[in-house]
file entry02.cif (mmCIF, C-alpha atoms)
data_start
#
loop_
_atom_site.group_PDB
_atom_site.id
_atom_site.type_symbol
_atom_site.label_atom_id
_atom_site.label_comp_id
_atom_site.auth_asym_id
_atom_site.auth_seq_id
_atom_site.Cartn_x
_atom_site.Cartn_y
_atom_site.Cartn_z
ATOM 1 C CA MET A 68 0.000 0.000 0.000
ATOM 2 C CA ILE A 69 1.203 3.509 -0.767
ATOM 3 C CA ASN A 70 1.117 6.248 1.879
ATOM 4 C CA VAL A 71 1.208 10.047 1.971
ATOM 5 C CA ASN A 72 4.979 10.034 1.466
ATOM 6 C CA THR A 73 4.562 7.980 -1.711
ATOM 7 C CA PHE A 74 2.518 10.772 -3.283
ATOM 8 C CA LYS A 75 5.365 13.275 -3.076
ATOM 9 C CA GLN A 76 7.931 10.647 -4.049
ATOM 10 C CA LYS A 77 5.980 9.823 -7.197
ATOM 11 C CA LYS A 78 5.895 13.494 -8.137
ATOM 12 C CA GLN A 79 9.614 13.863 -7.526
ATOM 13 C CA ASN A 80 10.520 10.897 -9.734
ATOM 14 C CA GLY A 81 8.020 11.800 -12.449
ATOM 15 C CA SER A 82 5.652 8.863 -11.900
ATOM 16 C CA ARG A 83 1.967 9.562 -12.443
ATOM 17 C CA LEU A 84 -0.667 8.708 -9.855
ATOM 18 C CA SER A 85 -3.884 6.862 -10.661
ATOM 19 C CA MET A 86 -6.963 7.232 -8.468
ATOM 20 C CA VAL A 87 -10.368 5.623 -8.963
ATOM 21 C CA THR A 88 -13.574 6.568 -7.190
ATOM 22 C CA CYS A 89 -15.679 3.669 -5.907
ATOM 23 C CA TYR A 90 -18.344 3.173 -3.290
ATOM 24 C CA ASP A 91 -18.847 -0.451 -2.253
ATOM 25 C CA ALA A 92 -17.129 -3.686 -1.320
ATOM 26 C CA TRP A 93 -17.592 -5.636 -4.565
ATOM 27 C CA SER A 94 -16.056 -2.955 -6.782
ATOM 28 C CA ALA A 95 -13.351 -2.210 -4.223
ATOM 29 C CA GLY A 96 -12.476 -5.901 -4.239
ATOM 30 C CA ILE A 97 -11.936 -5.781 -7.996
ATOM 31 C CA LEU A 98 -9.812 -2.631 -7.705
ATOM 32 C CA ASN A 99 -7.805 -4.208 -4.904
ATOM 33 C CA GLY A 100 -6.432 -6.628 -7.493
ATOM 34 C CA THR A 101 -5.258 -3.848 -9.833
ATOM 35 C CA ASP A 102 -2.229 -1.553 -9.827
ATOM 36 C CA VAL A 103 -4.353 1.566 -9.216
ATOM 37 C CA ASP A 104 -2.560 3.702 -6.628
ATOM 38 C CA CYS A 105 -5.452 4.797 -4.444
ATOM 39 C CA LEU A 106 -9.225 4.787 -4.077
ATOM 40 C CA LEU A 107 -11.508 7.729 -3.424
ATOM 41 C CA VAL A 108 -14.827 7.262 -1.676
ATOM 42 C CA GLY A 109 -16.391 10.364 -3.168
ATOM 43 C CA ASP A 110 -19.470 12.250 -2.068
ATOM 44 C CA SER A 111 -20.603 11.669 -5.654
ATOM 45 C CA LEU A 112 -22.023 8.465 -4.178
ATOM 46 C CA ALA A 113 -25.084 10.550 -3.329
ATOM 47 C CA VAL A 114 -25.714 10.797 -7.075
ATOM 48 C CA VAL A 115 -24.329 7.501 -8.379
ATOM 49 C CA MET A 116 -25.511 5.168 -5.625
ATOM 50 C CA HIS A 117 -28.481 6.960 -4.087
ATOM 51 C CA GLY A 118 -30.028 8.790 -7.038
ATOM 52 C CA PHE A 119 -29.847 12.351 -5.729
ATOM 53 C CA ASP A 120 -29.274 15.239 -8.133
ATOM 54 C CA SER A 121 -26.105 16.568 -6.477
ATOM 55 C CA THR A 122 -23.397 15.749 -3.959
ATOM 56 C CA ILE A 123 -24.827 18.087 -1.311
ATOM 57 C CA HIS A 124 -27.108 15.260 -0.185
ATOM 58 C CA ALA A 125 -24.177 13.155 1.042
ATOM 59 C CA THR A 126 -24.063 12.972 4.834
ATOM 60 C CA THR A 127 -21.405 11.820 7.248
ATOM 61 C CA GLU A 128 -23.505 8.737 8.004
ATOM 62 C CA MET A 129 -23.762 7.929 4.291
ATOM 63 C CA MET A 130 -20.039 8.475 3.719
ATOM 64 C CA GLU A 131 -19.133 6.416 6.793
ATOM 65 C CA LEU A 132 -21.156 3.428 5.562
ATOM 66 C CA HIS A 133 -19.546 3.431 2.118
ATOM 67 C CA VAL A 134 -16.011 4.027 3.429
ATOM 68 C CA ALA A 135 -16.384 0.975 5.667
ATOM 69 C CA ALA A 136 -17.550 -1.143 2.717
ATOM 70 C CA VAL A 137 -14.680 -0.007 0.493
ATOM 71 C CA SER A 138 -12.093 -0.556 3.213
ATOM 72 C CA ARG A 139 -13.299 -4.127 3.695
ATOM 73 C CA GLY A 140 -13.207 -4.759 -0.035
ATOM 74 C CA ALA A 141 -9.795 -3.186 -0.654
ATOM 75 C CA PRO A 142 -7.559 -3.795 2.372
ATOM 76 C CA ASP A 143 -4.414 -3.223 0.293
ATOM 77 C CA LYS A 144 -5.322 0.217 -1.059
ATOM 78 C CA PHE A 145 -4.833 3.752 0.238
ATOM 79 C CA ILE A 146 -8.346 5.127 0.730
ATOM 80 C CA VAL A 147 -9.340 8.799 0.669
ATOM 81 C CA ALA A 148 -12.797 9.851 1.879
ATOM 82 C CA ASP A 149 -14.645 13.025 0.941
ATOM 83 C CA MET A 150 -15.712 15.282 3.774
ATOM 84 C CA PRO A 151 -19.434 15.847 3.101
ATOM 85 C CA PHE A 152 -21.269 19.095 2.451
ATOM 86 C CA LEU A 153 -20.827 21.775 5.161
ATOM 87 C CA SER A 154 -18.969 19.402 7.484
ATOM 88 C CA CYS A 155 -16.028 21.833 7.547
ATOM 89 C CA SER A 156 -18.178 24.957 7.787
ATOM 90 C CA LYS A 157 -19.924 24.329 11.107
ATOM 91 C CA GLY A 158 -16.897 24.669 13.345
ATOM 92 C CA LEU A 159 -14.071 22.472 14.522
ATOM 93 C CA GLU A 160 -16.153 20.119 16.671
ATOM 94 C CA VAL A 161 -18.449 19.114 13.804
ATOM 95 C CA ALA A 162 -15.524 18.781 11.411
ATOM 96 C CA MET A 163 -13.462 16.627 13.760
ATOM 97 C CA ASP A 164 -16.459 14.402 14.479
ATOM 98 C CA SER A 165 -16.832 13.725 10.754
ATOM 99 C CA VAL A 166 -13.086 13.156 10.389
ATOM 100 C CA GLN A 167 -13.066 10.692 13.272
ATOM 101 C CA ARG A 168 -15.966 8.709 11.903
ATOM 102 C CA LEU A 169 -14.520 8.480 8.391
ATOM 103 C CA MET A 170 -11.051 7.508 9.599
ATOM 104 C CA GLN A 171 -12.399 4.909 12.007
ATOM 105 C CA ALA A 172 -14.509 3.512 9.165
ATOM 106 C CA GLY A 173 -11.308 2.772 7.259
ATOM 107 C CA ALA A 174 -10.123 5.903 5.433
ATOM 108 C CA HIS A 175 -6.431 6.819 5.417
ATOM 109 C CA ALA A 176 -7.023 10.479 4.501
ATOM 110 C CA VAL A 177 -9.870 12.926 3.895
ATOM 111 C CA LYS A 178 -10.505 15.240 0.950
ATOM 112 C CA ILE A 179 -11.870 18.734 1.484
ATOM 113 C CA GLU A 180 -13.277 21.015 -1.209
ATOM 114 C CA GLY A 181 -12.193 24.642 -1.331
ATOM 115 C CA ALA A 182 -9.775 26.741 0.702
ATOM 116 C CA SER A 183 -10.232 30.303 2.073
ATOM 117 C CA HIS A 184 -12.416 30.092 5.203
ATOM 118 C CA GLN A 185 -11.578 26.395 5.704
ATOM 119 C CA LEU A 186 -7.796 26.763 5.959
ATOM 120 C CA ALA A 187 -7.785 27.014 9.754
ATOM 121 C CA ILE A 188 -9.836 23.837 10.120
ATOM 122 C CA ILE A 189 -7.736 22.035 7.505
ATOM 123 C CA ARG A 190 -4.619 22.973 9.467
ATOM 124 C CA GLN A 191 -6.092 21.627 12.699
ATOM 125 C CA ILE A 192 -7.173 18.381 11.048
ATOM 126 C CA ILE A 193 -3.631 17.886 9.754
ATOM 127 C CA GLU A 194 -2.118 18.789 13.126
ATOM 128 C CA ALA A 195 -4.392 16.154 14.663
ATOM 129 C CA GLY A 196 -2.600 13.570 12.522
ATOM 130 C CA VAL A 197 -5.033 13.176 9.633
ATOM 131 C CA PRO A 198 -3.744 13.649 6.060
ATOM 132 C CA VAL A 199 -5.796 16.051 3.942
ATOM 133 C CA MET A 200 -6.162 16.114 0.149
ATOM 134 C CA GLY A 201 -7.318 19.454 -1.241
ATOM 135 C CA HIS A 202 -9.800 20.017 -4.077
ATOM 136 C CA LEU A 203 -10.010 23.148 -6.245
ATOM 137 C CA GLY A 204 -11.544 24.232 -9.531
ATOM 138 C CA LEU A 205 -15.029 22.876 -10.010
ATOM 139 C CA THR A 206 -16.079 21.990 -6.468
ATOM 140 C CA PRO A 207 -19.415 20.145 -6.729
ATOM 141 C CA GLN A 208 -20.503 21.022 -3.191
ATOM 142 C CA SER A 209 -20.525 24.682 -4.295
ATOM 143 C CA ILE A 210 -22.336 23.991 -7.549
ATOM 144 C CA HIS A 211 -25.179 26.427 -6.835
ATOM 145 C CA ASN A 212 -22.730 29.222 -6.075
ATOM 146 C CA LEU A 213 -20.753 28.436 -9.235
ATOM 147 C CA GLY A 214 -23.838 28.546 -11.439
ATOM 148 C CA GLY A 215 -23.632 24.932 -12.585
ATOM 149 C CA HIS A 216 -21.046 22.466 -13.828
ATOM 150 C CA ARG A 217 -18.732 24.893 -15.597
ATOM 151 C CA VAL A 218 -15.021 25.004 -16.294
ATOM 152 C CA GLN A 219 -13.335 27.180 -13.661
ATOM 153 C CA GLY A 220 -10.319 29.459 -14.040
ATOM 154 C CA LYS A 221 -11.111 30.668 -17.540
ATOM 155 C CA ASP A 222 -10.504 34.361 -16.755
ATOM 156 C CA GLU A 223 -7.624 36.107 -15.016
ATOM 157 C CA ALA A 224 -9.485 36.515 -11.735
ATOM 158 C CA GLY A 225 -10.290 32.811 -11.665
ATOM 159 C CA VAL A 226 -6.707 31.874 -12.482
ATOM 160 C CA GLN A 227 -5.357 34.047 -9.689
ATOM 161 C CA LYS A 228 -7.905 32.726 -7.192
ATOM 162 C CA ILE A 229 -7.269 29.048 -7.896
ATOM 163 C CA THR A 230 -3.501 29.542 -8.013
ATOM 164 C CA ALA A 231 -3.490 31.397 -4.687
ATOM 165 C CA ASP A 232 -5.751 28.773 -3.089
ATOM 166 C CA ALA A 233 -3.475 25.985 -4.336
ATOM 167 C CA ARG A 234 -0.446 27.608 -2.735
ATOM 168 C CA ALA A 235 -2.398 28.176 0.483
ATOM 169 C CA LEU A 236 -3.430 24.521 0.664
ATOM 170 C CA GLU A 237 0.163 23.409 0.111
ATOM 171 C CA GLU A 238 1.402 25.788 2.823
ATOM 172 C CA THR A 239 -1.323 24.564 5.181
ATOM 173 C CA GLY A 240 -0.024 21.014 4.825
ATOM 174 C CA CYS A 241 -2.196 19.205 2.265
ATOM 175 C CA PHE A 242 -0.339 16.195 0.842
ATOM 176 C CA SER A 243 -1.966 16.421 -2.598
ATOM 177 C CA LEU A 244 -4.525 18.405 -4.552
ATOM 178 C CA VAL A 245 -7.379 17.488 -6.898
ATOM 179 C CA LEU A 246 -7.921 19.943 -9.764
ATOM 180 C CA GLU A 247 -11.321 19.564 -11.409
ATOM 181 C CA CYS A 248 -12.476 21.095 -14.686
ATOM 182 C CA VAL A 249 -9.862 23.787 -15.240
ATOM 183 C CA PRO A 250 -8.100 24.723 -18.495
ATOM 184 C CA ASN A 251 -5.100 22.595 -19.465
ATOM 185 C CA ASP A 252 -2.592 25.430 -19.091
ATOM 186 C CA LEU A 253 -3.814 26.251 -15.589
ATOM 187 C CA GLY A 254 -3.588 22.597 -14.584
ATOM 188 C CA GLU A 255 -0.043 22.476 -15.888
ATOM 189 C CA CYS A 256 0.988 25.775 -14.280
ATOM 190 C CA ILE A 257 -0.288 24.805 -10.836
ATOM 191 C CA SER A 258 1.235 21.333 -11.099
ATOM 192 C CA ARG A 259 4.634 22.805 -11.911
ATOM 193 C CA SER A 260 4.473 25.401 -9.148
ATOM 194 C CA LEU A 261 3.636 23.048 -6.268
ATOM 195 C CA SER A 262 5.826 20.535 -4.493
ATOM 196 C CA ILE A 263 2.774 18.377 -3.721
ATOM 197 C CA PRO A 264 1.217 16.295 -6.525
ATOM 198 C CA THR A 265 -1.915 17.337 -8.377
ATOM 199 C CA ILE A 266 -4.562 14.854 -9.465
ATOM 200 C CA GLY A 267 -6.691 16.010 -12.345
ATOM 201 C CA ILE A 268 -10.197 15.351 -13.546
ATOM 202 C CA GLY A 269 -10.839 17.483 -16.586
ATOM 203 C CA ALA A 270 -7.625 19.409 -15.884
ATOM 204 C CA GLY A 271 -5.539 18.290 -18.834
ATOM 205 C CA PRO A 272 -2.683 15.815 -19.319
ATOM 206 C CA ASP A 273 -0.020 17.678 -17.342
ATOM 207 C CA THR A 274 -1.231 17.126 -13.795
ATOM 208 C CA ASN A 275 0.680 14.584 -11.703
ATOM 209 C CA GLY A 276 -2.153 12.069 -11.755
ATOM 210 C CA GLN A 277 -5.727 11.433 -12.832
ATOM 211 C CA VAL A 278 -8.966 10.345 -11.175
ATOM 212 C CA LEU A 279 -12.168 8.958 -12.670
ATOM 213 C CA VAL A 280 -15.268 7.418 -11.141
ATOM 214 C CA LEU A 281 -15.281 3.651 -11.721
ATOM 215 C CA HIS A 282 -18.886 3.688 -12.920
ATOM 216 C CA ASP A 283 -17.994 6.326 -15.506
ATOM 217 C CA LEU A 284 -14.851 4.697 -16.879
ATOM 218 C CA ILE A 285 -16.580 1.330 -17.312
ATOM 219 C CA GLY A 286 -19.628 2.924 -18.959
ATOM 220 C CA THR A 287 -22.529 2.216 -16.626
ATOM 221 C CA ASN A 288 -24.387 5.389 -17.608
ATOM 222 C CA PRO A 289 -24.497 6.089 -21.361
ATOM 223 C CA ASP A 290 -26.164 9.460 -20.730
ATOM 224 C CA PHE A 291 -23.176 10.814 -18.796
ATOM 225 C CA SER A 292 -20.502 11.916 -21.238
ATOM 226 C CA PRO A 293 -18.453 14.930 -20.110
ATOM 227 C CA LYS A 294 -15.545 15.929 -22.320
ATOM 228 C CA PHE A 295 -12.939 14.621 -19.862
ATOM 229 C CA LEU A 296 -14.366 11.084 -19.678
ATOM 230 C CA ARG A 297 -12.774 8.173 -21.500
ATOM 231 C CA ARG A 298 -14.850 4.981 -21.363
ATOM 232 C CA TYR A 299 -12.873 1.755 -21.155
ATOM 233 C CA ALA A 300 -15.904 -0.562 -21.334
ATOM 234 C CA ASP A 301 -19.645 -0.567 -22.030
ATOM 235 C CA VAL A 302 -20.910 -2.271 -18.895
ATOM 236 C CA HIS A 303 -24.368 -0.761 -19.312
ATOM 237 C CA GLU A 304 -24.924 -2.780 -22.477
ATOM 238 C CA ILE A 305 -23.280 -5.912 -21.049
ATOM 239 C CA ILE A 306 -25.616 -5.867 -18.043
ATOM 240 C CA ARG A 307 -28.679 -4.995 -20.114
ATOM 241 C CA THR A 308 -28.177 -7.805 -22.627
ATOM 242 C CA SER A 309 -27.269 -10.298 -19.888
ATOM 243 C CA VAL A 310 -30.479 -9.600 -17.977
ATOM 244 C CA GLN A 311 -32.470 -9.720 -21.209
ATOM 245 C CA ARG A 312 -31.030 -13.186 -21.991
ATOM 246 C CA TYR A 313 -31.845 -14.324 -18.436
ATOM 247 C CA HIS A 314 -35.421 -13.085 -18.817
ATOM 248 C CA GLY A 315 -35.762 -14.919 -22.136
ATOM 249 C CA ASP A 316 -34.460 -18.178 -20.658
ATOM 250 C CA VAL A 317 -36.877 -17.947 -17.717
ATOM 251 C CA VAL A 318 -39.868 -17.270 -19.985
ATOM 252 C CA ALA A 319 -38.839 -20.092 -22.331
ATOM 253 C CA GLY A 320 -38.414 -22.505 -19.438
ATOM 254 C CA SER A 321 -34.775 -23.228 -20.316
ATOM 255 C CA PHE A 322 -33.485 -21.887 -16.998
ATOM 256 C CA PRO A 323 -32.818 -23.649 -14.779
ATOM 257 C CA SER A 324 -31.786 -26.799 -16.581
ATOM 258 C CA VAL A 325 -31.648 -30.247 -14.984
ATOM 259 C CA GLU A 326 -27.909 -29.746 -14.465
ATOM 260 C CA GLU A 327 -28.638 -26.512 -12.608
ATOM 261 C CA SER A 328 -31.208 -28.136 -10.296
ATOM 262 C CA TYR A 329 -30.884 -30.305 -7.168
ATOM 263 C CA GLY A 330 -31.872 -33.935 -7.423
#

call {"tool": "encode", "arguments": {"input": "entry02.cif", "output": "structure tokens"}}
result
Amino acid sequence: MINVNTFKQKKQNGSRLSMVTCYDAWSAGILNGTDVDCLLVGDSLAVVMHGFDSTIHATTEMMELHVAAVSRGAPDKFIVADMPFLSCSKGLEVAMDSVQRLMQAGAHAVKIEGASHQLAIIRQIIEAGVPVMGHLGLTPQSIHNLGGHRVQGKDEAGVQKITADARALEETGCFSLVLECVPNDLGECISRSLSIPTIGIGAGPDTNGQVLVLHDLIGTNPDFSPKFLRRYADVHEIIRTSVQRYHGDVVAGSFPSVEESYG
């Protein structure tokens, strides 16, 4: 298993980091047998697993349940857990309660969206011995404030804001930083300027690593096709046709066969 020191070492030697988002034990078990560097239990589980329309519906209880499942399924992987909506904006006691529950569920680090007003709490979480991964650019928990799922950092003010926040997160002690939906040149500039590694999603090819949601990269939802997504399989069609064949066999009376029945 890698650790927080491995992240910086990989950046220093030019090795790229791979991170995959997953939410349950069966998929984590599959990923445990791959060379993927680390797993993220993202608050996107509110959308992917529970059918909500945004990540703001993820709660600490929800995150805790899924972190525990992933940690049981992937005991050999470094696991990062998202801090849920507003958990770092209600004061230190609420934040540390969420951190404790996620770490005791099996996470090895937490990821926190944004910077600015949260820097003091991020610093205290790190000083308490918990590694923190930052997250800038498109921050889904702030989607209403951002006016939707839009590329961030397209104007000079946005560039300066994200760049300053990235430096602040590094200085505060974050061990790595996710950059989501920013222009390629901004992703490259920030990656070059920091000593900690950047992990991109829609941030171009020059970040120090990449992250995709497992369900997206294997093609479970044909209606979700952002520009940054590369599908490596079409699981939606595989599952659909498999279930259709099963249904046909049941209706035809060919399943189960004698060989598939107990004497």

call {"tool": "resolve_selection", "arguments": {"input": "entry02.cif", "expression": "the PyMOL selection byres ((chain A and resi 78) around 9)", "output": "list in words"}}
result
Thr73, Phe74, Lys75, Gln76, Lys77, Gln79, Asn80, Gly81, Ser82, Arg83, Leu84, Ser262, Ile263, Pro264, Thr265, Asn275 and Gly276 of chain A

call {"tool": "residues_around", "arguments": {"input": "entry02.cif", "residues": "Val177 in chain A", "least_positions_apart": "6", "cutoff": "10 Å", "atoms": "only C-alpha atoms", "output": "MDAnalysis selection string"}}
result
chainID A and resid 107:109 146:150 165:166 169:170 192:193 197:201

call {"tool": "write_last_selection", "arguments": {"input": "entry02.cif", "atoms": "C-alpha atoms", "output": "mmCIF file, in the coordinates of the input"}}
result
data_model
loop_
_atom_site.group_PDB
_atom_site.id
_atom_site.type_symbol
_atom_site.label_atom_id
_atom_site.label_comp_id
_atom_site.auth_asym_id
_atom_site.auth_seq_id
_atom_site.Cartn_x
_atom_site.Cartn_y
_atom_site.Cartn_z
ATOM 1 C CA LEU A 107 -11.508 7.729 -3.424
ATOM 2 C CA VAL A 108 -14.827 7.262 -1.676
ATOM 3 C CA GLY A 109 -16.391 10.364 -3.168
ATOM 4 C CA ILE A 146 -8.346 5.127 0.730
ATOM 5 C CA VAL A 147 -9.340 8.799 0.669
ATOM 6 C CA ALA A 148 -12.797 9.851 1.879
ATOM 7 C CA ASP A 149 -14.645 13.025 0.941
ATOM 8 C CA MET A 150 -15.712 15.282 3.774
ATOM 9 C CA SER A 165 -16.832 13.725 10.754
ATOM 10 C CA VAL A 166 -13.086 13.156 10.389
ATOM 11 C CA LEU A 169 -14.520 8.480 8.391
ATOM 12 C CA MET A 170 -11.051 7.508 9.599
ATOM 13 C CA ILE A 192 -7.173 18.381 11.048
ATOM 14 C CA ILE A 193 -3.631 17.886 9.754
ATOM 15 C CA VAL A 197 -5.033 13.176 9.633
ATOM 16 C CA PRO A 198 -3.744 13.649 6.060
ATOM 17 C CA VAL A 199 -5.796 16.051 3.942
ATOM 18 C CA MET A 200 -6.162 16.114 0.149
ATOM 19 C CA GLY A 201 -7.318 19.454 -1.241
#

call {"tool": "resolve_selection", "arguments": {"input": "entry02.cif", "expression": "the PyMOL selection byres ((chain A and resi 98-101) around 10)", "output": "list in words"}}
result
Val87, Thr88, Cys89, Ala92, Trp93, Ser94, Ala95, Gly96, Ile97, Asp102, Val103, Asp104, Cys105, Leu106, Val137, Ser138, Gly140, Ala141, Pro142, Asp143, Lys144, Phe145 and Leu281 of chain A

call {"tool": "residues_around", "arguments": {"input": "entry02.cif", "residues": "range 111-122 of chain A", "least_positions_apart": "5", "cutoff": "8 Å", "atoms": "all atoms listed in the file", "output": "PyMOL selection string"}}
result
chain A and resi 90+152+207-208

call {"tool": "closest_atom_pairs", "arguments": {"input": "entry02.cif", "of": "range 137-199 of chain A", "to": "range 229-246 of chain A", "cutoff": "9 Å", "atoms": "only C-alpha atoms", "output": "JSON lines"}}
result
{"residue": "A:Lys178", "atom": "CA", "partner": "A:Leu244", "partner_atom": "CA", "distance": 8.7}
{"residue": "A:Glu180", "atom": "CA", "partner": "A:Val245", "partner_atom": "CA", "distance": 8.9}
{"residue": "A:Gly181", "atom": "CA", "partner": "A:Asp232", "partner_atom": "CA", "distance": 7.9}
{"residue": "A:Ala182", "atom": "CA", "partner": "A:Asp232", "partner_atom": "CA", "distance": 5.9}
{"residue": "A:Ser183", "atom": "CA", "partner": "A:Asp232", "partner_atom": "CA", "distance": 7.0}
{"residue": "A:Leu186", "atom": "CA", "partner": "A:Thr239", "partner_atom": "CA", "distance": 6.9}
{"residue": "A:Ala187", "atom": "CA", "partner": "A:Thr239", "partner_atom": "CA", "distance": 8.3}
{"residue": "A:Ile189", "atom": "CA", "partner": "A:Thr239", "partner_atom": "CA", "distance": 7.3}
{"residue": "A:Arg190", "atom": "CA", "partner": "A:Thr239", "partner_atom": "CA", "distance": 5.6}
{"residue": "A:Ile193", "atom": "CA", "partner": "A:Gly240", "partner_atom": "CA", "distance": 6.9}
{"residue": "A:Glu194", "atom": "CA", "partner": "A:Gly240", "partner_atom": "CA", "distance": 8.8}
{"residue": "A:Pro198", "atom": "CA", "partner": "A:Phe242", "partner_atom": "CA", "distance": 6.7}
{"residue": "A:Val199", "atom": "CA", "partner": "A:Cys241", "partner_atom": "CA", "distance": 5.1}

call {"tool": "residues_around", "arguments": {"input": "entry02.cif", "residues": "Ala270 in chain A", "least_positions_apart": "2", "cutoff": "12 Å", "atoms": "all atoms listed in the file", "output": "PDB file with C-alpha atoms, keeping the file's coordinate frame"}}
result
ATOM      1  CA  LEU A 203     -10.010  23.148  -6.245  1.00  0.00           C
ATOM      2  CA  GLY A 204     -11.544  24.232  -9.531  1.00  0.00           C
ATOM      3  CA  LEU A 205     -15.029  22.876 -10.010  1.00  0.00           C
ATOM      4  CA  VAL A 218     -15.021  25.004 -16.294  1.00  0.00           C
ATOM      5  CA  GLN A 219     -13.335  27.180 -13.661  1.00  0.00           C
ATOM      6  CA  GLY A 220     -10.319  29.459 -14.040  1.00  0.00           C
ATOM      7  CA  LYS A 221     -11.111  30.668 -17.540  1.00  0.00           C
ATOM      8  CA  LEU A 244      -4.525  18.405  -4.552  1.00  0.00           C
ATOM      9  CA  VAL A 245      -7.379  17.488  -6.898  1.00  0.00           C
ATOM     10  CA  LEU A 246      -7.921  19.943  -9.764  1.00  0.00           C
ATOM     11  CA  GLU A 247     -11.321  19.564 -11.409  1.00  0.00           C
ATOM     12  CA  CYS A 248     -12.476  21.095 -14.686  1.00  0.00           C
ATOM     13  CA  VAL A 249      -9.862  23.787 -15.240  1.00  0.00           C
ATOM     14  CA  PRO A 250      -8.100  24.723 -18.495  1.00  0.00           C
ATOM     15  CA  ASN A 251      -5.100  22.595 -19.465  1.00  0.00           C
ATOM     16  CA  ASP A 252      -2.592  25.430 -19.091  1.00  0.00           C
ATOM     17  CA  LEU A 253      -3.814  26.251 -15.589  1.00  0.00           C
ATOM     18  CA  GLY A 254      -3.588  22.597 -14.584  1.00  0.00           C
ATOM     19  CA  GLU A 255      -0.043  22.476 -15.888  1.00  0.00           C
ATOM     20  CA  CYS A 256       0.988  25.775 -14.280  1.00  0.00           C
ATOM     21  CA  ILE A 257      -0.288  24.805 -10.836  1.00  0.00           C
ATOM     22  CA  SER A 258       1.235  21.333 -11.099  1.00  0.00           C
ATOM     23  CA  THR A 265      -1.915  17.337  -8.377  1.00  0.00           C
ATOM     24  CA  ILE A 266      -4.562  14.854  -9.465  1.00  0.00           C
ATOM     25  CA  GLY A 267      -6.691  16.010 -12.345  1.00  0.00           C
ATOM     26  CA  ILE A 268     -10.197  15.351 -13.546  1.00  0.00           C
ATOM     27  CA  PRO A 272      -2.683  15.815 -19.319  1.00  0.00           C
ATOM     28  CA  ASP A 273      -0.020  17.678 -17.342  1.00  0.00           C
ATOM     29  CA  THR A 274      -1.231  17.126 -13.795  1.00  0.00           C
ATOM     30  CA  ASN A 275       0.680  14.584 -11.703  1.00  0.00           C
ATOM     31  CA  GLY A 276      -2.153  12.069 -11.755  1.00  0.00           C
ATOM     32  CA  GLN A 277      -5.727  11.433 -12.832  1.00  0.00           C
ATOM     33  CA  VAL A 278      -8.966  10.345 -11.175  1.00  0.00           C
ATOM     34  CA  LEU A 279     -12.168   8.958 -12.670  1.00  0.00           C
ATOM     35  CA  LYS A 294     -15.545  15.929 -22.320  1.00  0.00           C
ATOM     36  CA  PHE A 295     -12.939  14.621 -19.862  1.00  0.00           C
ATOM     37  CA  LEU A 296     -14.366  11.084 -19.678  1.00  0.00           C
TER      38      LEU A 296
END

call {"tool": "resolve_selection", "arguments": {"input": "entry02.cif", "expression": "the PyMOL selection byres ((chain A and resi 135) around 9)", "output": "list of chain:residue names"}}
result
A:Asp91, A:Ala92, A:Met130, A:Glu131, A:Leu132, A:His133, A:Val134, A:Ala136, A:Val137, A:Ser138, A:Arg139, A:Gly140, A:Leu169, A:Gln171, A:Ala172, A:Gly173, A:Ala174

call {"tool": "residues_around", "arguments": {"input": "entry02.cif", "residues": "range 302-310 of chain A", "least_positions_apart": "3", "cutoff": "9 Å", "atoms": "all atoms listed in the file", "output": "VMD selection string"}}
result
chain A and resid 282 285 to 289 313 to 315

call {"tool": "axis_aligned_box", "arguments": {"input": "entry02.cif", "around": "range 172-176 of chain A", "padding_each_side": "5 Å", "output": "AutoDock Vina command-line options"}}
result
--center_x -10.5 --center_y 6.6 --center_z 6.8 --size_x 18.1 --size_y 17.7 --size_z 14.7

call {"tool": "atom_distance", "arguments": {"input": "entry02.cif", "atom1": "CA of Ser85 in chain A", "atom2": "CA of Ile69 in chain A"}}
result
11.6 Å

call {"tool": "closest_residue", "arguments": {"input": "entry02.cif", "among": "A:Gln311, A:Ser154, A:Val280, A:Ala162", "to": "Arg298 in chain A", "atoms": "only C-alpha atoms"}}
result
A:Val280

call {"tool": "atom_distance", "arguments": {"input": "entry02.cif", "atom1": "CA of Asp316 in chain A", "atom2": "CA of Tyr299 in chain A"}}
result
29.4 Å

call {"tool": "atom_distance", "arguments": {"input": "entry02.cif", "atom1": "CA of Leu284 in chain A", "atom2": "CA of Thr127 in chain A"}}
result
26.0 Å
